[in-house]
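Participant: One structure coming up, written as structure tokens, with questions to follow.
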Amino acid sequence: MKTLFTSVIALFVAAGCTSGPSGVAQPSQTPTTVEAVAAAPGSNGVPAATAQEGGYQYVIGPGDTLDIFVWGYEDLSVQVPVRPDGRITTRLIEDMQASGKTPTELARDIEKKYVTYVKNPTVTITVDQFVGDPSQQIKVVGGGSEPKTVPYRNNMTVLDVMIEVGGLSKFSSGNKARLVRTENGQQRSYRVRLQSLLKGGDIKANRPVQPGDIIIIPESWF
């Protein structure tokens, strides 16, 4: 036992690890892409929550359908699609940028345009059909299936994403899946145990996702 313990300590020293504030060994340098499989107890390597999740706001994207309601002016109230170029056309306004804005931001921009035509316009925008901005979509690739995108929803988890895409295919190696996330300008990779979650019912393998996450599922050759 003493020999095994000594060998483990030697491996950590050889890897250039130092002790952090909590006493847990930490790498002396953080690479651009890291292989994080044990970031916190029970997390399977994926951080449980960040400030970004708490302040999440839906951002309009191409393919969304918007209900634009102008109080007191029914003739100006319309339902419009967001075109592939991210723009919309409403009554009295042509080619206004909508993609990349929250519904509230777009409503204020429309009010500024309508003030030329009506007195004190008040605009409310409701997203009727959701697609979302590409930067906030969850992307699922690999596993013998076609790549798919899922609009992010607040408090969304890996399980929600996999339900949206129909689960694992018969060619998927679910427990070797990776979740790729950009944090502070750096791309990080975390392991997610999809096979244990979906087939084994291990709820501990279910982790939160964030806007822009990519889930990569390798294929199984056996």
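Starting from 1 in every chain, residues are counted up; chains themselves are A, B, ... following the order of the structure tokens, and ligands are numbered from 1 as listed.
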Please identify the alpha helix (DSSP H) residues within region 84-155 of chain A (assignment by DSSP from backbone atoms) and present them as a PyMOL selection string.

Facilitator: chain A and resi 103-114

Participant: Any idea what's packed within 10 Å of Asp213 (chain A), counting only C-alpha atoms, ignoring anything in its chain fewer than 3 positions away? Could you give it as an MDAnalysis selection string?

Facilitator: chainID A and resid 135:140 152 179:182 209:210 216

Participant: Using only C-alpha atoms, which of A:Ile110, A:Lys101, A:Asn175, A:Asn154 sits nearest Pro208 (chain A)?

Facilitator: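 Closest to Pro208 (chain A), using only C-alpha atoms: A:Asn154.
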
Participant: Report the distance between CA of Val82 (chain A) and CA of Phe130 (chain A) in Å, rounded to one decimal place.

Facilitator: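 Computing the Euclidean distance for CA of Val82 (chain A) and CA of Phe130 (chain A) yields 10.5 Å.
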
Participant: Which of these, A:Ala205, A:Met96, A:Leu168, A:Leu198, has the shortest distance to Val141 (chain A) once you count only C-alpha atoms?

Facilitator: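 Under the stated criterion, the closest residue is A:Leu168.
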
Participant: Find the residues near Pro218 (chain A): any atom within 10 Å, counting only C-alpha atoms, skip ones fewer than 5 places away on the same chain, and give them as a list in words.

Facilitator: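 Within the cut-off, the hits are Val141, Gly142, Gly143, Gly144, Phe171, Ser172, Ser173, Gly174, Asn175, Lys176, Ala177 and Arg178 of chain A.
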
Participant: Rounded to one decimal, what separation in Å do you get between CA of Lys113 (chain A) and CA of Thr65 (chain A)?

Facilitator: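 The value is 20.2 Å.
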
Participant: Of the candidates A:Glu146, A:Gly200, A:Asn155, A:Val192, which shows the shortest atom-to-atom distance to Gly55 (chain A), using only C-alpha atoms?

Facilitator: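 Going through A:Glu146, A:Gly200, A:Asn155, A:Val192 one by one, the smallest distance to Gly55 (chain A) is for A:Asn155.
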
Participant: May I ask for the distance between CA of Leu159 (chain A) and CA of Asn206 (chain A), given in Å to one decimal place?

Facilitator: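 Between CA of Leu159 (chain A) and CA of Asn206 (chain A) the gap is 6.0 Å.
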